[in-house]
$ cat upload-v2.txt   # compact mmCIF, C-alpha atoms
# COMPACT_ATOMS: atom_id res chain seq x y z
CA MET A 12 2.56 22.61 33.80
CA ARG A 13 1.12 19.76 31.74
CA ARG A 14 3.08 16.55 32.14
CA ASP A 15 1.77 14.91 28.96
CA ARG A 16 2.88 17.54 26.45
CA TRP A 17 5.34 15.07 24.88
CA LEU A 18 2.62 12.49 24.17
CA LEU A 19 1.73 11.87 20.54
CA PRO A 20 -1.85 11.84 19.21
CA VAL A 21 -3.67 8.51 19.14
CA GLY A 22 -2.69 6.58 16.01
CA VAL A 23 0.54 8.54 15.48
CA GLU A 24 3.85 6.85 16.28
CA GLU A 25 7.54 7.51 15.96
CA ILE A 26 10.26 4.97 15.22
CA LEU A 27 13.42 5.05 17.30
CA PRO A 28 16.89 3.57 16.81
CA PRO A 29 17.72 0.89 15.85
CA ALA A 30 14.24 0.13 14.45
CA ALA A 31 14.35 3.28 12.28
CA ARG A 32 17.53 2.06 10.61
CA HIS A 33 15.91 -1.31 9.89
CA ALA A 34 12.81 0.42 8.47
CA GLU A 35 14.99 2.45 6.12
CA GLN A 36 16.78 -0.69 4.94
CA VAL A 37 13.45 -2.35 4.13
CA ARG A 38 12.23 0.82 2.41
CA ARG A 39 15.26 0.89 0.12
CA ARG A 40 14.92 -2.81 -0.66
CA LEU A 41 11.27 -2.45 -1.65
CA LEU A 42 11.90 0.63 -3.79
CA ASP A 43 14.69 -1.23 -5.57
CA LEU A 44 12.25 -4.05 -6.29
CA LEU A 45 9.69 -1.65 -7.77
CA ASP A 46 12.41 -0.05 -9.87
CA SER A 47 13.51 -3.46 -11.17
CA TRP A 48 9.99 -3.93 -12.58
CA GLY A 49 10.22 -0.61 -14.44
CA TYR A 50 8.09 1.49 -12.08
CA ASP A 51 9.36 5.07 -11.83
CA LEU A 52 9.39 6.73 -8.42
CA VAL A 53 7.30 9.87 -7.90
CA MET A 54 7.26 12.10 -4.79
CA PRO A 55 3.96 14.00 -4.64
CA PRO A 56 3.48 16.78 -2.06
CA LEU A 57 2.03 16.07 1.36
CA VAL A 58 -0.47 18.94 1.02
CA GLU A 59 -2.55 20.00 -2.00
CA TYR A 60 -5.70 21.90 -2.80
CA LEU A 61 -8.60 19.81 -1.61
CA GLU A 62 -10.42 19.42 -4.92
CA SER A 63 -7.33 17.85 -6.46
CA LEU A 64 -6.83 15.39 -3.60
CA LEU A 65 -10.43 14.20 -3.63
CA THR A 66 -11.02 14.05 -7.37
CA GLY A 67 -12.69 10.83 -8.43
CA VAL A 68 -12.24 8.99 -5.12
CA GLY A 69 -15.64 9.29 -3.48
CA HIS A 70 -17.01 10.28 -0.08
CA GLU A 71 -15.01 7.83 2.06
CA LEU A 72 -11.66 9.53 1.42
CA ASP A 73 -13.20 12.95 2.11
CA LEU A 74 -14.01 11.83 5.65
CA LYS A 75 -10.41 10.69 6.18
CA THR A 76 -8.80 13.92 4.94
CA PHE A 77 -7.52 16.61 7.30
CA LYS A 78 -8.47 20.03 5.94
CA LEU A 79 -6.87 23.43 6.47
CA THR A 80 -6.98 26.90 4.94
CA ASP A 81 -4.11 28.15 2.79
CA GLN A 82 -2.99 31.43 4.38
CA LEU A 83 -1.70 32.69 1.01
CA THR A 84 -4.80 32.15 -1.11
CA GLY A 85 -7.65 31.46 1.31
CA ARG A 86 -8.39 28.22 -0.55
CA LEU A 87 -9.13 24.98 1.24
CA MET A 88 -6.24 22.51 1.31
CA GLY A 89 -5.90 18.94 2.52
CA LEU A 90 -3.22 16.62 3.86
CA ARG A 91 -3.14 13.64 1.54
CA ALA A 92 -4.86 10.53 2.86
CA ASP A 93 -4.07 8.45 -0.25
CA MET A 94 -1.35 8.86 -2.88
CA THR A 95 -3.21 7.09 -5.71
CA PRO A 96 -5.12 10.22 -6.86
CA GLN A 97 -1.84 12.13 -6.87
CA ALA A 98 -0.22 9.52 -9.11
CA ALA A 99 -3.25 9.70 -11.44
CA ARG A 100 -2.91 13.50 -11.60
CA ILE A 101 0.78 13.21 -12.44
CA ASP A 102 0.06 10.74 -15.25
CA ALA A 103 -2.85 12.70 -16.71
CA HIS A 104 -1.72 16.29 -16.24
CA TYR A 105 2.09 16.29 -16.27
CA LEU A 106 3.40 13.22 -18.10
CA ARG A 107 0.64 13.01 -20.73
CA ARG A 108 2.15 10.01 -22.50
CA ASP A 109 0.29 7.83 -24.97
CA THR A 110 2.20 4.71 -23.91
CA PRO A 111 1.72 2.79 -20.66
CA VAL A 112 3.13 4.58 -17.62
CA ARG A 113 4.37 2.75 -14.52
CA LEU A 114 4.69 4.83 -11.35
CA CYS A 115 5.48 3.95 -7.74
CA TYR A 116 5.62 5.91 -4.50
CA LEU A 117 6.44 5.60 -0.82
CA GLY A 118 5.65 8.25 1.75
CA PRO A 119 3.48 9.20 4.71
CA VAL A 120 -0.23 9.84 4.39
CA VAL A 121 -2.31 11.40 7.17
CA ARG A 122 -5.85 10.34 8.07
CA THR A 123 -8.47 11.74 10.42
CA ARG A 124 -9.34 8.22 11.53
CA PRO A 125 -7.64 4.83 11.28
CA ASP A 126 -8.92 2.09 8.97
CA GLU A 127 -9.32 -0.24 11.97
CA PHE A 128 -9.47 -0.03 15.75
CA GLY A 129 -6.02 0.79 17.09
CA GLY A 130 -4.67 1.36 13.58
CA ALA A 131 -2.30 4.06 12.39
CA ARG A 132 -3.38 7.51 11.28
CA GLU A 133 -0.03 8.19 9.61
CA PRO A 134 0.67 5.12 7.46
CA TRP A 135 3.67 4.94 5.16
CA GLN A 136 1.90 4.21 1.91
CA ILE A 137 3.87 2.20 -0.61
CA GLY A 138 2.27 1.37 -3.93
CA ALA A 139 2.47 1.10 -7.70
CA GLU A 140 0.14 2.20 -10.49
CA LEU A 141 0.01 1.14 -14.14
CA PHE A 142 -1.71 3.68 -16.40
CA GLY A 143 -2.69 3.37 -20.04
CA GLN A 144 -3.17 -0.39 -20.30
CA SER A 145 -6.35 -2.40 -19.83
CA GLY A 146 -6.95 -6.14 -19.80
CA PRO A 147 -6.02 -9.15 -17.66
CA ARG A 148 -2.30 -9.02 -18.55
CA ALA A 149 -1.97 -5.58 -16.95
CA ASP A 150 -4.06 -6.65 -13.96
CA ALA A 151 -1.90 -9.75 -13.55
CA GLU A 152 1.32 -7.73 -13.67
CA VAL A 153 0.21 -5.44 -10.85
CA LEU A 154 -1.03 -8.33 -8.69
CA ARG A 155 2.22 -10.26 -9.30
CA LEU A 156 4.18 -7.15 -8.33
CA MET A 157 2.15 -6.77 -5.12
CA LEU A 158 2.89 -10.38 -4.18
CA ALA A 159 6.58 -9.98 -5.06
CA LEU A 160 6.75 -6.90 -2.82
CA LEU A 161 5.15 -8.73 0.10
CA GLU A 162 7.54 -11.65 -0.36
CA CYS A 163 10.46 -9.20 -0.49
CA ALA A 164 9.20 -7.74 2.80
CA GLY A 165 9.42 -11.23 4.32
CA PHE A 166 5.86 -12.56 4.05
CA SER A 167 5.02 -16.08 2.91
CA SER A 168 1.92 -18.32 2.97
CA LEU A 169 -0.21 -15.52 1.61
CA HIS A 170 -3.98 -15.71 1.13
CA VAL A 171 -5.40 -13.61 -1.70
CA ASP A 172 -9.03 -12.58 -2.19
CA ILE A 173 -9.97 -11.65 -5.76
CA GLY A 174 -13.18 -10.41 -7.29
CA HIS A 175 -14.56 -8.14 -9.99
CA VAL A 176 -16.90 -5.24 -9.20
CA GLY A 177 -17.91 -5.14 -12.87
CA VAL A 178 -19.97 -8.31 -12.37
CA TYR A 179 -22.28 -6.67 -9.82
CA ARG A 180 -22.45 -3.44 -11.81
CA ALA A 181 -23.51 -5.34 -14.94
CA LEU A 182 -26.06 -7.49 -13.06
CA ALA A 183 -27.58 -4.36 -11.52
CA ARG A 184 -27.89 -2.76 -14.94
CA GLU A 185 -29.44 -5.91 -16.39
CA ALA A 186 -31.98 -5.86 -13.56
CA GLY A 187 -32.81 -2.22 -14.28
CA MET A 188 -32.16 -1.11 -10.70
CA GLU A 189 -32.32 2.51 -9.69
CA GLU A 190 -29.07 3.91 -8.33
CA ALA A 191 -30.30 4.18 -4.74
CA VAL A 192 -31.45 0.55 -4.70
CA GLU A 193 -28.19 -0.57 -6.29
CA GLN A 194 -26.24 1.15 -3.51
CA GLU A 195 -28.50 -0.32 -0.81
CA LEU A 196 -28.07 -3.84 -2.16
CA HIS A 197 -24.34 -3.27 -2.53
CA GLU A 198 -24.05 -2.42 1.18
CA ALA A 199 -26.07 -5.50 2.15
CA LEU A 200 -23.85 -7.74 0.01
CA ARG A 201 -20.71 -6.22 1.55
CA ARG A 202 -22.03 -7.04 5.03
CA ARG A 203 -23.14 -10.48 3.83
CA SER A 204 -26.53 -9.84 5.39
CA ARG A 205 -28.77 -12.48 3.82
CA ALA A 206 -31.85 -11.05 5.55
CA GLU A 207 -31.23 -7.60 4.06
CA VAL A 208 -30.47 -8.99 0.59
CA ASP A 209 -33.66 -11.09 0.65
CA ALA A 210 -35.73 -8.13 1.86
CA ILE A 211 -34.39 -5.76 -0.81
CA LEU A 212 -34.91 -8.25 -3.63
CA ALA A 213 -38.37 -9.17 -2.34
CA ASP A 214 -39.45 -5.53 -2.72
CA LEU A 215 -38.34 -5.46 -6.36
CA THR A 216 -40.07 -6.84 -9.38
CA LEU A 217 -37.10 -8.42 -11.14
CA PRO A 218 -36.89 -10.99 -13.91
CA ALA A 219 -36.39 -14.45 -12.40
CA ARG A 220 -32.94 -14.68 -13.99
CA SER A 221 -31.75 -11.41 -12.44
CA ASP A 222 -33.11 -12.37 -9.03
CA ARG A 223 -31.31 -15.73 -9.20
CA HIS A 224 -28.02 -14.13 -10.29
CA LEU A 225 -27.99 -11.50 -7.53
CA ARG A 226 -28.87 -14.00 -4.80
CA ALA A 227 -26.02 -16.25 -5.96
CA LEU A 228 -23.38 -13.60 -5.20
CA ILE A 229 -23.81 -13.86 -1.43
CA ASP A 230 -23.46 -17.66 -1.37
CA LEU A 231 -20.94 -18.70 -3.98
CA HIS A 232 -17.53 -17.61 -2.74
CA GLY A 233 -14.46 -19.58 -1.80
CA ALA A 234 -11.86 -21.63 -3.63
CA GLU A 235 -11.67 -22.41 -7.34
CA ALA A 236 -14.58 -24.88 -7.23
CA GLN A 237 -16.94 -22.22 -5.91
CA PHE A 238 -15.84 -19.80 -8.62
CA MET A 239 -16.56 -22.41 -11.27
CA ALA A 240 -20.01 -22.99 -9.75
CA LEU A 241 -20.74 -19.26 -9.83
CA GLU A 242 -19.46 -19.05 -13.40
CA ALA A 243 -21.93 -21.81 -14.36
CA MET A 244 -24.72 -20.04 -12.47
CA LEU A 245 -24.04 -16.85 -14.45
CA ALA A 246 -23.65 -18.59 -17.81
CA ASP A 247 -26.89 -17.05 -19.07
CA ALA A 248 -25.99 -13.53 -17.91
CA GLY A 249 -25.28 -10.72 -20.34
CA PRO A 250 -22.03 -10.22 -22.28
CA GLU A 251 -20.58 -7.73 -19.75
CA VAL A 252 -20.75 -10.32 -16.99
CA ARG A 253 -19.20 -13.03 -19.14
CA VAL A 254 -16.33 -10.74 -20.23
CA ALA A 255 -15.66 -9.76 -16.61
CA LEU A 256 -15.54 -13.40 -15.48
CA THR A 257 -13.28 -14.34 -18.41
CA ASP A 258 -10.88 -11.51 -17.56
CA LEU A 259 -10.87 -12.45 -13.87
CA LYS A 260 -10.07 -16.07 -14.66
CA ALA A 261 -7.30 -15.08 -17.09
CA MET A 262 -5.69 -12.83 -14.47
CA TRP A 263 -5.93 -15.51 -11.80
CA ARG A 264 -4.36 -18.20 -13.99
CA ALA A 265 -1.45 -15.92 -14.97
CA VAL A 266 -0.70 -15.04 -11.35
CA ASP A 267 -1.20 -18.58 -10.06
CA GLN A 268 1.44 -19.86 -12.49
CA ALA A 269 3.95 -17.31 -11.17
CA HIS A 270 3.01 -17.86 -7.49
CA PRO A 271 1.85 -21.47 -7.14
CA GLY A 272 1.87 -21.35 -3.32
CA ILE A 273 -0.86 -18.71 -3.01
CA LYS A 274 -4.16 -19.70 -1.36
CA TRP A 275 -6.95 -18.14 -3.44
CA HIS A 276 -10.41 -17.04 -2.39
CA PHE A 277 -12.89 -15.86 -5.05
CA ASP A 278 -15.55 -13.42 -3.90
CA LEU A 279 -17.75 -11.43 -6.27
CA ALA A 280 -19.62 -9.87 -3.35
CA GLU A 281 -16.42 -8.20 -2.11
CA LEU A 282 -17.34 -4.67 -3.17
CA SER A 283 -15.03 -2.50 -1.06
CA GLY A 284 -14.25 0.67 -2.95
CA TYR A 285 -17.29 0.09 -5.14
CA GLY A 286 -17.60 3.78 -6.02
CA TYR A 287 -13.92 3.86 -6.96
CA HIS A 288 -12.97 0.55 -8.57
CA THR A 289 -14.25 -0.45 -11.99
CA GLY A 290 -12.88 -3.97 -12.54
CA VAL A 291 -10.81 -6.58 -10.72
CA VAL A 292 -10.12 -6.11 -7.01
CA PHE A 293 -7.65 -8.04 -4.87
CA SER A 294 -6.44 -8.15 -1.27
CA ALA A 295 -3.65 -10.08 0.46
CA PHE A 296 -3.92 -11.57 3.96
CA VAL A 297 -1.63 -13.44 6.35
CA GLU A 298 -2.44 -15.87 9.14
CA GLY A 299 -3.17 -14.25 12.49
CA TYR A 300 -4.18 -10.83 11.17
CA GLY A 301 -7.77 -10.13 10.22
CA GLN A 302 -7.26 -7.17 7.88
CA ALA A 303 -5.71 -7.03 4.42
CA ILE A 304 -2.01 -6.15 4.44
CA ALA A 305 -2.12 -4.97 0.80
CA GLN A 306 -4.94 -4.30 -1.63
CA GLY A 307 -5.58 -2.97 -5.10
CA GLY A 308 -7.61 -3.19 -8.25
CA ARG A 309 -8.66 -1.48 -11.46
CA TYR A 310 -9.98 2.09 -11.39
CA ASP A 311 -10.32 3.31 -14.98
CA GLU A 312 -12.38 6.45 -14.29
CA ILE A 313 -10.11 8.45 -11.98
CA GLY A 314 -8.11 10.26 -14.69
CA HIS A 315 -11.25 11.70 -16.32
CA ALA A 316 -11.49 14.52 -13.78
CA PHE A 317 -7.92 15.52 -14.59
CA GLY A 318 -8.80 15.87 -18.27
CA ARG A 319 -7.41 12.57 -19.51
CA SER A 320 -9.24 9.33 -18.82
CA ARG A 321 -6.89 6.36 -19.02
CA PRO A 322 -7.09 2.72 -17.95
CA ALA A 323 -5.48 2.31 -14.54
CA VAL A 324 -4.72 -0.50 -12.11
CA GLY A 325 -2.63 -0.40 -8.95
CA PHE A 326 -2.09 -1.50 -5.36
CA SER A 327 -0.91 -0.07 -2.07
CA ALA A 328 0.19 -1.19 1.39
CA ASP A 329 1.27 0.39 4.67
CA LEU A 330 5.00 -0.11 5.22
CA ARG A 331 4.64 0.61 8.94
CA LEU A 332 2.10 -2.22 9.21
CA LEU A 333 4.32 -4.60 7.26
CA LEU A 334 7.22 -3.85 9.61
CA LYS A 335 5.03 -4.31 12.68
CA LEU A 336 3.64 -7.63 11.50
CA ARG A 337 7.08 -8.98 10.65
CA ASP A 338 8.35 -7.88 14.08
CA GLU A 339 11.95 -8.61 13.18
CA PRO A 340 14.47 -7.81 15.94
CA ALA A 341 16.28 -4.59 15.04
CA GLN A 342 19.90 -4.96 16.07
CA ALA A 343 22.27 -2.06 16.60
CA PRO A 344 24.65 -1.98 13.61
CA PRO A 345 28.33 -2.90 14.07
CA ALA A 346 30.54 0.14 14.46
CA ILE A 347 34.13 1.19 15.06
CA LEU A 348 35.16 3.52 17.88
CA ALA A 349 37.76 6.18 17.01
CA PRO A 350 39.75 7.90 19.77
CA CYS A 351 39.78 11.63 20.46
CA CYS A 352 43.03 12.53 18.73
CA ASP A 353 44.03 15.39 16.43
CA ASP A 354 46.07 13.21 14.10
CA LYS A 355 46.06 13.50 10.31
CA ALA A 356 46.68 9.78 9.82
CA LEU A 357 43.73 8.99 12.10
CA ARG A 358 41.43 11.30 10.12
CA GLU A 359 42.50 9.59 6.89
CA ALA A 360 41.86 6.15 8.40
CA VAL A 361 38.39 7.21 9.53
CA ARG A 362 37.61 8.67 6.10
CA ALA A 363 38.73 5.48 4.36
CA LEU A 364 36.65 3.27 6.67
CA ARG A 365 33.51 5.36 6.10
CA ALA A 366 34.10 5.29 2.33
CA ARG A 367 34.04 1.47 2.56
CA GLY A 368 30.66 1.60 4.27
CA GLU A 369 31.83 1.18 7.86
CA ARG A 370 30.15 3.03 10.70
CA VAL A 371 32.74 5.02 12.69
CA ILE A 372 31.90 6.88 15.91
CA GLU A 373 34.44 9.39 17.22
CA ILE A 374 35.04 10.16 20.89
CA LEU A 375 34.62 13.93 21.26
CA ARG A 376 36.34 14.56 24.60
CA GLU A 377 39.68 13.30 25.80
CA GLY A 378 39.36 11.05 28.81
CA ALA A 379 35.53 10.99 28.77
CA GLU A 380 34.89 7.35 29.61
CA GLN A 381 31.12 7.71 29.23
CA ASP A 382 31.67 8.59 25.58
CA ARG A 383 33.12 5.13 25.08
CA ASP A 384 29.75 3.50 25.78
CA THR A 385 28.68 3.61 22.13
CA GLY A 386 27.93 -0.04 21.42
CA CYS A 387 30.94 -0.33 19.11
CA ASP A 388 32.31 -3.84 18.62
CA ARG A 389 35.70 -2.64 17.29
CA GLU A 390 38.03 0.30 17.77
CA LEU A 391 40.88 2.10 16.08
CA VAL A 392 44.20 1.81 17.88
CA GLN A 393 47.67 2.88 16.92
CA GLN A 394 50.04 -0.04 16.38
CA ASP A 395 53.56 0.31 15.06
CA GLY A 396 52.82 3.85 13.92
CA ARG A 397 49.64 2.87 11.99
CA TRP A 398 45.97 3.12 12.87
CA THR A 399 44.50 -0.38 12.93
CA VAL A 400 41.00 -1.76 13.57
CA VAL A 401 40.92 -4.30 16.39
CA ALA A 402 38.16 -6.02 18.36
CA ARG A 403 37.14 -4.17 21.50
CA ARG A 404 37.90 -5.86 24.77

$ encode --input "upload-v2.txt" --output "structure tokens"
Amino acid sequence: MRRDRWLLPVGVEEILPPAARHAEQVRRRLLDLLDSWGYDLVMPPLVEYLESLLTGVGHELDLKTFKLTDQLTGRLMGLRADMTPQAARIDAHYLRRDTPVRLCYLGPVVRTRPDEFGGAREPWQIGAELFGQSGPRADAEVLRLMLALLECAGFSSLHVDIGHVGVYRALAREAGMEEAVEQELHEALRRRSRAEVDAILADLTLPARSDRHLRALIDLHGAEAQFMALEAMLADAGPEVRVALTDLKAMWRAVDQAHPGIKWHFDLAELSGYGYHTGVVFSAFVEGYGQAIAQGGRYDEIGHAFGRSRPAVGFSADLRLLLKLRDEPAQAPPAILAPCCDDKALREAVRALRARGERVIEILREGAEQDRDTGCDRELVQQDGRWTVVARR
């Protein structure tokens, strides 16, 4: 007989009492926050046909998706690894509104591999998506909402990285790069490998202006002063680059006014999700943890595959990770112990207490002392013919 049959797969965890109760309280609080901003909750299915799950999201998500065969149809299905494509499908295929649509979600996603060493393969993805509105005001709203959600979850002293993948896309087009070279240079910039960037550009015959612009991306990143230096360096770039930089600055200023304590880091070589995002990108970090705790950006192309291309911007985070990083002590909730007694007045007292939100635990067997070890701080006792709540001795 195997002795490890109760062990869970690597990267899969369960939450036990009282931590599960605390997690549910945080979940409700965050969903209430999203609702207060006008974002409507959707509950997409955990499993869908594979082509729907992977529409418009690129190769990376395909590798993370568990696949299985539908026994009813023989078609290939997948366990969702990201809820953003599902929200886009709901907006494009089911809601089909001409006005902006705000959606939010919270639920488990399942991944074949974690995003980092020792990470979870069953995150609780919480996020929000704004469809049907382009421009820096929409981008700023979603970033402000992401920061408000993190603050509601108990995080402060946040660091935020922001960039705009449209700048690199436009510079690559101006340089006349072939797609394969553009992807190769993109990977080198992501890794911040100066040697690779220099080698790739040395093999190309580029206009001096394009060469100078692309080399600047790897160096000029940091606080506001560095962004201004990069903006000056790209002043002679084409109109697409200038529009992207103007939009990025407008978004940053709007969010900075609402959250003056944020520490900003500008980085136009941050090209994560390059095949997916089309505009601004942003990630939030906290001291002591090297990975982003929430991230998002603009992805205007995803709805096209569902028959209705709409502007879109959103963010997501892993609620399990947020709970783990906060590491708040989960205390057993206060409760009232009710005796084992077939008394109508007692049943009415218990019902009234529960209706007021109290937690009441009933002893199930007369004289069973072990049943009294319930962690209750109060108990129901009969005094002067009435059932009364008193402190337990």

$ closest_residue --input "upload-v2.txt" --among "A:Leu169, A:Arg376, A:Thr76, A:Pro111" --to "Gly299 in chain A" --atoms "all atoms listed in the file"
A:Leu169

$ closest_residue --input "upload-v2.txt" --among "A:Gln302, A:Gln237, A:Gln393, A:Gln82" --to "Asp329 in chain A" --atoms "all atoms listed in the file"
A:Gln302

$ closest_residue --input "upload-v2.txt" --among "A:Val112, A:Leu64, A:Ile137, A:Leu158" --to "Gly272 in chain A" --atoms "all atoms listed in the file"
A:Leu158

$ residues_around --input "upload-v2.txt" --residues "Ala131 in chain A" --least-positions-apart "5" --cutoff "10 Å" --atoms "all atoms listed in the file" --output "list of chain:residue names"
A:Val21, A:Gly22, A:Val23, A:Glu24, A:Val121, A:Arg122, A:Arg124, A:Pro125, A:Asp126, A:Asp329, A:Arg331, A:Leu332

$ residues_around --input "upload-v2.txt" --residues "Asp267 in chain A" --least-positions-apart "2" --cutoff "12 Å" --atoms "all atoms listed in the file" --output "PyMOL selection string"
chain A and resi 151-152+154-155+158+170-171+173+235+260-265+269-275

$ write_last_selection --input "upload-v2.txt" --atoms "C-alpha atoms" --output "PDB file, keeping the file's coordinate frame"
ATOM      1  CA  ALA A 151      -1.900  -9.750 -13.550  1.00  0.00           C
ATOM      2  CA  GLU A 152       1.320  -7.730 -13.670  1.00  0.00           C
ATOM      3  CA  LEU A 154      -1.030  -8.330  -8.690  1.00  0.00           C
ATOM      4  CA  ARG A 155       2.220 -10.260  -9.300  1.00  0.00           C
ATOM      5  CA  LEU A 158       2.890 -10.380  -4.180  1.00  0.00           C
ATOM      6  CA  HIS A 170      -3.980 -15.710   1.130  1.00  0.00           C
ATOM      7  CA  VAL A 171      -5.400 -13.610  -1.700  1.00  0.00           C
ATOM      8  CA  ILE A 173      -9.970 -11.650  -5.760  1.00  0.00           C
ATOM      9  CA  GLU A 235     -11.670 -22.410  -7.340  1.00  0.00           C
ATOM     10  CA  LYS A 260     -10.070 -16.070 -14.660  1.00  0.00           C
ATOM     11  CA  ALA A 261      -7.300 -15.080 -17.090  1.00  0.00           C
ATOM     12  CA  MET A 262      -5.690 -12.830 -14.470  1.00  0.00           C
ATOM     13  CA  TRP A 263      -5.930 -15.510 -11.800  1.00  0.00           C
ATOM     14  CA  ARG A 264      -4.360 -18.200 -13.990  1.00  0.00           C
ATOM     15  CA  ALA A 265      -1.450 -15.920 -14.970  1.00  0.00           C
ATOM     16  CA  ALA A 269       3.950 -17.310 -11.170  1.00  0.00           C
ATOM     17  CA  HIS A 270       3.010 -17.860  -7.490  1.00  0.00           C
ATOM     18  CA  PRO A 271       1.850 -21.470  -7.140  1.00  0.00           C
ATOM     19  CA  GLY A 272       1.870 -21.350  -3.320  1.00  0.00           C
ATOM     20  CA  ILE A 273      -0.860 -18.710  -3.010  1.00  0.00           C
ATOM     21  CA  LYS A 274      -4.160 -19.700  -1.360  1.00  0.00           C
ATOM     22  CA  TRP A 275      -6.950 -18.140  -3.440  1.00  0.00           C
TER      23      TRP A 275
END

$ residues_around --input "upload-v2.txt" --residues "Val324 in chain A" --least-positions-apart "6" --cutoff "9 Å" --atoms "only C-alpha atoms" --output "PyMOL selection string"
chain A and resi 139-142+144-145+149-150+153+290-291+307-311

$ residues_around --input "upload-v2.txt" --residues "Leu61 in chain A" --least-positions-apart "5" --cutoff "9 Å" --atoms "all atoms listed in the file" --output "list in words"
Thr66, Thr76, Lys78, Arg86, Leu87, Met88, Gly89, Leu90 and Arg91 of chain A

$ closest_residue --input "upload-v2.txt" --among "A:Val252, A:Met157, A:Ser221, A:Ala360" --to "Val266 in chain A" --atoms "all atoms listed in the file"
A:Met157

$ residues_around --input "upload-v2.txt" --residues "Ala186 in chain A" --least-positions-apart "5" --cutoff "9 Å" --atoms "all atoms listed in the file" --output "NGL selection string"
:A and (181 or 217-218 or 220-222)

$ write_last_selection --input "upload-v2.txt" --atoms "C-alpha atoms" --output "mmCIF file, keeping the file's coordinate frame"
data_model
loop_
_atom_site.group_PDB
_atom_site.id
_atom_site.type_symbol
_atom_site.label_atom_id
_atom_site.label_comp_id
_atom_site.auth_asym_id
_atom_site.auth_seq_id
_atom_site.Cartn_x
_atom_site.Cartn_y
_atom_site.Cartn_z
ATOM 1 C CA ALA A 181 -23.510 -5.340 -14.940
ATOM 2 C CA LEU A 217 -37.100 -8.420 -11.140
ATOM 3 C CA PRO A 218 -36.890 -10.990 -13.910
ATOM 4 C CA ARG A 220 -32.940 -14.680 -13.990
ATOM 5 C CA SER A 221 -31.750 -11.410 -12.440
ATOM 6 C CA ASP A 222 -33.110 -12.370 -9.030
#

$ atom_distance --input "upload-v2.txt" --atom1 "CA of Arg321 in chain A" --atom2 "CA of Pro147 in chain A"
15.6 Å

$ residues_near_point --input "upload-v2.txt" --point "(11.4, -4.8, 15.7)" --cutoff "10 Å" --atoms "all atoms listed in the file" --output "VMD selection string"
chain A and resid 26 29 to 31 33 to 34 334 to 342

$ closest_residue --input "upload-v2.txt" --among "A:Glu62, A:Glu281, A:Glu189, A:Asp258" --to "Leu231 in chain A" --atoms "only C-alpha atoms"
A:Glu281

$ closest_residue --input "upload-v2.txt" --among "A:Ser283, A:Ser47, A:Ser294, A:Thr257" --to "Gly146 in chain A" --atoms "only C-alpha atoms"
A:Thr257
